[in-house]
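Coordinates as given in model31.cif (mmCIF, C-alpha atoms and all ligand atoms):
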```
data_run
loop_
_atom_site.label_atom_id
_atom_site.label_comp_id
_atom_site.auth_asym_id
_atom_site.auth_seq_id
_atom_site.Cartn_x
_atom_site.Cartn_y
_atom_site.Cartn_z
CA MET A 1 -21.94 -0.49 -0.53
CA ILE A 2 -19.40 0.89 -3.03
CA LYS A 3 -17.43 3.88 -1.73
CA TYR A 4 -14.86 6.06 -3.52
CA ILE A 5 -12.31 7.35 -1.03
CA GLU A 6 -9.26 9.57 -1.53
CA LYS A 7 -6.74 7.50 0.41
CA THR A 8 -3.42 5.66 0.09
CA PRO A 9 -4.00 1.89 0.19
CA SER A 10 -1.68 -0.42 2.09
CA ALA A 11 0.99 -2.26 0.10
CA GLU A 12 -0.85 -5.52 0.77
CA GLU A 13 -4.09 -4.10 -0.63
CA PHE A 14 -2.32 -2.72 -3.69
CA ASN A 15 -0.54 -6.03 -4.35
CA TYR A 16 -3.86 -7.86 -4.04
CA LEU A 17 -5.31 -5.64 -6.79
CA THR A 18 -2.36 -5.91 -9.18
CA ASP A 19 -2.22 -9.67 -8.67
CA SER A 20 -5.96 -10.01 -9.34
CA VAL A 21 -5.56 -8.48 -12.84
CA GLY A 22 -2.47 -10.50 -13.69
CA TRP A 23 0.17 -7.83 -13.11
CA GLY A 24 1.77 -9.74 -10.23
CA ILE A 25 3.09 -8.26 -6.99
CA ARG A 26 6.08 -6.22 -5.87
CA GLU A 27 7.96 -6.04 -2.58
CA ASN A 28 5.88 -4.21 0.02
CA SER A 29 8.63 -1.65 0.67
CA VAL A 30 8.78 -0.77 -3.05
CA VAL A 31 5.01 -0.37 -3.25
CA GLU A 32 4.92 1.73 -0.05
CA THR A 33 7.48 4.18 -1.46
CA ALA A 34 5.65 4.42 -4.79
CA LEU A 35 2.33 5.11 -3.08
CA LYS A 36 3.86 7.60 -0.66
CA ASN A 37 5.27 9.57 -3.64
CA THR A 38 1.90 9.59 -5.41
CA LEU A 39 0.08 12.91 -5.86
CA TYR A 40 -3.44 11.57 -5.64
CA SER A 41 -4.72 8.09 -4.76
CA LEU A 42 -8.32 6.98 -5.13
CA CYS A 43 -9.50 3.74 -3.50
CA VAL A 44 -12.79 1.99 -4.19
CA TYR A 45 -14.14 -0.15 -1.38
CA ASP A 46 -17.03 -2.56 -1.18
CA ASP A 47 -17.56 -2.46 2.58
CA ASN A 48 -14.00 -2.99 3.82
CA LYS A 49 -12.60 -4.70 0.74
CA LEU A 50 -10.50 -2.75 -1.76
CA ILE A 51 -11.94 -3.60 -5.18
CA GLY A 52 -10.65 -0.73 -7.33
CA TYR A 53 -7.97 1.90 -7.52
CA GLY A 54 -6.46 4.71 -9.59
CA ARG A 55 -3.70 7.23 -9.03
CA ILE A 56 -2.10 10.38 -10.41
CA ILE A 57 1.62 10.96 -10.33
CA GLY A 58 3.48 14.05 -11.55
CA ASP A 59 4.59 17.57 -10.74
CA LYS A 60 1.11 19.10 -10.21
CA THR A 61 1.65 21.98 -12.62
CA ILE A 62 3.12 20.90 -15.97
CA PHE A 63 2.94 17.11 -16.30
CA LEU A 64 0.67 14.49 -14.79
CA TYR A 65 0.48 10.76 -15.36
CA ILE A 66 -2.49 8.51 -14.73
CA GLN A 67 -1.41 5.11 -13.51
CA ASP A 68 -2.73 1.81 -12.11
CA ILE A 69 -6.41 2.03 -13.03
CA ILE A 70 -7.62 -1.29 -11.69
CA VAL A 71 -10.97 -2.93 -11.00
CA ILE A 72 -10.79 -6.51 -9.74
CA PRO A 73 -12.36 -9.00 -12.20
CA GLU A 74 -15.53 -9.75 -10.16
CA TYR A 75 -16.41 -6.02 -10.22
CA GLN A 76 -15.50 -5.17 -13.83
CA ASN A 77 -18.05 -3.87 -16.35
CA LYS A 78 -20.13 -2.19 -13.63
CA HIS A 79 -18.87 1.32 -14.48
CA ILE A 80 -16.51 1.41 -11.52
CA GLY A 81 -13.52 2.04 -13.80
CA THR A 82 -15.46 4.91 -15.36
CA ARG A 83 -16.16 6.42 -11.91
CA ILE A 84 -12.47 6.10 -11.01
CA MET A 85 -11.49 7.99 -14.18
CA GLU A 86 -14.14 10.66 -13.55
CA ASN A 87 -12.79 11.19 -10.02
CA LEU A 88 -9.21 11.48 -11.28
CA LEU A 89 -10.27 13.93 -13.99
CA THR A 90 -12.03 16.06 -11.36
CA GLN A 91 -8.78 16.18 -9.43
CA ILE A 92 -6.87 17.02 -12.63
CA ASN A 93 -9.25 19.96 -13.13
CA GLU A 94 -8.11 21.23 -9.72
CA TYR A 95 -4.47 21.14 -10.90
CA LYS A 96 -5.58 22.94 -14.07
CA LYS A 97 -6.50 25.93 -11.93
CA ILE A 98 -2.75 26.42 -11.42
CA ASN A 99 -1.88 25.81 -15.09
CA PRO A 100 -4.71 25.27 -17.58
CA ASN A 101 -2.17 23.82 -20.04
CA ILE A 102 -1.13 20.96 -17.79
CA ARG A 103 -0.62 17.74 -19.79
CA THR A 104 -1.85 14.37 -18.61
CA TYR A 105 -0.27 11.21 -19.96
CA LEU A 106 -1.11 7.56 -19.57
CA GLY A 107 0.12 4.31 -21.02
CA ALA A 108 -2.82 2.09 -21.96
CA SER A 109 -2.40 -1.65 -21.59
CA LYS A 110 -2.76 -3.53 -24.86
CA GLY A 111 -6.41 -3.53 -25.97
CA LYS A 112 -7.51 -1.00 -23.31
CA GLU A 113 -7.09 2.11 -25.47
CA SER A 114 -10.82 2.44 -26.23
CA PHE A 115 -11.62 2.66 -22.50
CA TYR A 116 -9.56 5.89 -22.33
CA VAL A 117 -10.74 7.41 -25.62
CA LYS A 118 -14.13 8.04 -23.94
CA PHE A 119 -12.38 10.49 -21.60
CA GLY A 120 -10.73 12.46 -24.40
CA PHE A 121 -7.32 10.76 -24.50
CA ILE A 122 -5.72 10.49 -27.93
CA SER A 123 -3.26 7.88 -29.15
CA ARG A 124 0.23 8.63 -30.36
CA PRO A 125 2.00 8.65 -32.68
CA ASN A 126 -0.21 10.99 -34.68
CA GLU A 127 0.36 13.91 -37.06
CA ASP A 128 1.91 16.08 -34.37
CA LEU A 129 3.39 13.70 -31.79
CA GLY A 130 5.92 10.89 -31.94
CA SER A 131 5.51 7.53 -30.21
CA GLY A 132 5.25 7.18 -26.46
CA MET A 133 8.44 5.44 -25.38
CA ILE A 134 9.46 3.39 -22.38
CA LEU A 135 12.74 2.38 -20.73
CA TYR A 136 12.82 -0.90 -18.79
C1 LIG B 1 -9.90 -1.42 -17.74
C2 LIG B 1 -10.74 -1.43 -16.46
C3 LIG B 1 -10.14 -0.47 -15.44
C4 LIG B 1 -12.16 -0.97 -16.82
O1 LIG B 1 -12.93 -0.89 -15.63
P1 LIG B 1 -14.44 -1.36 -15.59
O2 LIG B 1 -15.03 -0.94 -14.32
O3 LIG B 1 -14.50 -2.81 -15.92
O4 LIG B 1 -15.01 -0.54 -16.83
P2 LIG B 1 -16.44 0.17 -16.95
O5 LIG B 1 -17.50 -0.77 -16.49
O6 LIG B 1 -16.39 1.49 -16.31
O7 LIG B 1 -16.51 0.31 -18.52
C5 LIG B 1 -16.68 1.55 -19.12
C6 LIG B 1 -16.69 1.39 -20.59
O8 LIG B 1 -15.40 0.92 -21.04
C7 LIG B 1 -15.58 -0.31 -21.75
N1 LIG B 1 -14.52 -1.22 -21.32
C8 LIG B 1 -14.49 -1.92 -20.18
N2 LIG B 1 -13.38 -2.68 -20.13
C9 LIG B 1 -12.72 -2.44 -21.28
C10 LIG B 1 -11.54 -2.94 -21.84
N3 LIG B 1 -10.82 -3.86 -21.17
N4 LIG B 1 -11.15 -2.48 -23.03
C11 LIG B 1 -11.89 -1.58 -23.70
N5 LIG B 1 -13.06 -1.06 -23.24
C12 LIG B 1 -13.46 -1.50 -22.04
C13 LIG B 1 -16.94 -0.85 -21.33
O9 LIG B 1 -17.49 -1.64 -22.37
C14 LIG B 1 -17.72 0.40 -21.09
O10 LIG B 1 -18.22 0.91 -22.32
P3 LIG B 1 -19.64 1.66 -22.39
O11 LIG B 1 -19.47 2.93 -21.55
O12 LIG B 1 -19.79 1.94 -23.83
O13 LIG B 1 -20.62 0.71 -21.80
C15 LIG B 1 -10.85 -2.86 -15.86
O14 LIG B 1 -11.35 -3.73 -16.84
C16 LIG B 1 -9.54 -3.40 -15.32
O15 LIG B 1 -9.18 -3.15 -14.18
N6 LIG B 1 -8.82 -4.18 -16.14
C17 LIG B 1 -7.58 -4.82 -15.70
C18 LIG B 1 -6.51 -3.81 -15.38
C19 LIG B 1 -6.21 -2.90 -16.55
O16 LIG B 1 -5.92 -3.37 -17.65
N7 LIG B 1 -6.26 -1.61 -16.31
C20 LIG B 1 -6.01 -0.62 -17.31
C21 LIG B 1 -4.57 -0.33 -17.37
S1 LIG B 1 -4.15 0.72 -18.71
#
```
Produce structure tokens that represent the structure in this file.
Amino acid sequence: MIKYIEKTPSAEEFNYLTDSVGWGIRENSVVETALKNTLYSLCVYDDNKLIGYGRIIGDKTIFLYIQDIIVIPEYQNKHIGTRIMENLLTQINEYKKINPNIRTYLGASKGKESFYVKFGFISRPNEDLGSGMILY
């Protein structure tokens, strides 16, 4: 049975997910710190196996960032990614009670933009905003 649970996964579970979608793995201690500093973590389990994940990072009142939306390949295209996004957006609506003008960012992987457009996200640059930028 598929369950959506607000919970921090273990570093091993998280690395299993990122590896399964080709993003590779990181040192467990690095992952543990990142997850500990996360505002909101949503795990998707099929029985006891983690098969999906999404998280929100940010300051809770002005800026949020959606990160690491992952469904392992065997479970993709079954609307699990959609449910993950809906759960995160419900949580974001809770933060909006503090500041209705809170801004939520995300960086879509190449080719995944259309998945996020369904939830109201817009691409930049556009008429008003410059490019999203990144520092490696
Ligand atoms: C992107 C991802 C999270 C989508 O999850 P999913 O459970 O497979 O998606 P869903 O079944 O909920 O699909 C919802 C809709 O998005 C579309 N969609 C699914 N995967 C998509 C993709 N890779 N690109 C664009 N649209 C996609 C589906 O066709 C579906 O459209 P519909 O509502 O018109 O039928 C999943 O494919 C994944 O984990 N990919 C690898 C990791 C990744 O790239 N994550 C995103 C990082 S930005």
key: Of the listed residues A:Lys97, A:Lys49, A:Arg55, A:Lys112, that which approaches ligand LIG 1 (chain B) most closely, counting only C-alpha atoms and all ligand atoms   =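 Using only C-alpha atoms and all ligand atoms, ligand LIG 1 (chain B) sits closest to A:Lys112.
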message = Hey, which residues sit close to ligand LIG 1 (chain B)? Say within 10 Å, counting all atoms listed in the file, and write them as a count of residues only.
response = 45
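Each of A:Thr61, A:Asn48, A:Asp128, A:Cys43 was compared to Glu94 in chain A using only C-alpha atoms, and A:Thr61 turns out to be the nearest.
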message = Report, in Å with one decimal, the straight-line distance from CA of Lys3 in chain A to CA of Tyr16 in chain A.
response =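 Between these atoms lies a distance of 18.1 Å.
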query = How many Å lie between CA of Glu32 in chain A and CA of Glu13 in chain A, rounded to one decimal?
reply =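 Between CA of Glu32 in chain A and CA of Glu13 in chain A the gap is 10.7 Å.
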ask   = Hey, what's within 12 Å of Ser29 in chain A if we count all atoms listed in the file and toss same-chain stuff fewer than 2 positions away? As a list in words, please?
value =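 Counting only the stated atoms, we get Ser10, Ala11, Glu12, Phe14, Asn15, Ile25, Arg26, Glu27, Val31, Glu32, Thr33, Ala34, Leu35 and Lys36 of chain A.
If you measure from each of A:Ser131, A:Thr38, A:Val44, A:Val30 to Ile5 in chain A using only C-alpha atoms, the closest one turns out to be A:Val44.
The interatomic distance for the pair CA of Leu50 in chain A and CA of Leu89 in chain A works out to 20.7 Å.
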request  = Pick out the closest residue to Met133 in chain A from this set: A:Tyr105, A:Tyr4, A:Tyr40, A:Phe63. Count all atoms listed in the file.
outcome  = A:Tyr105
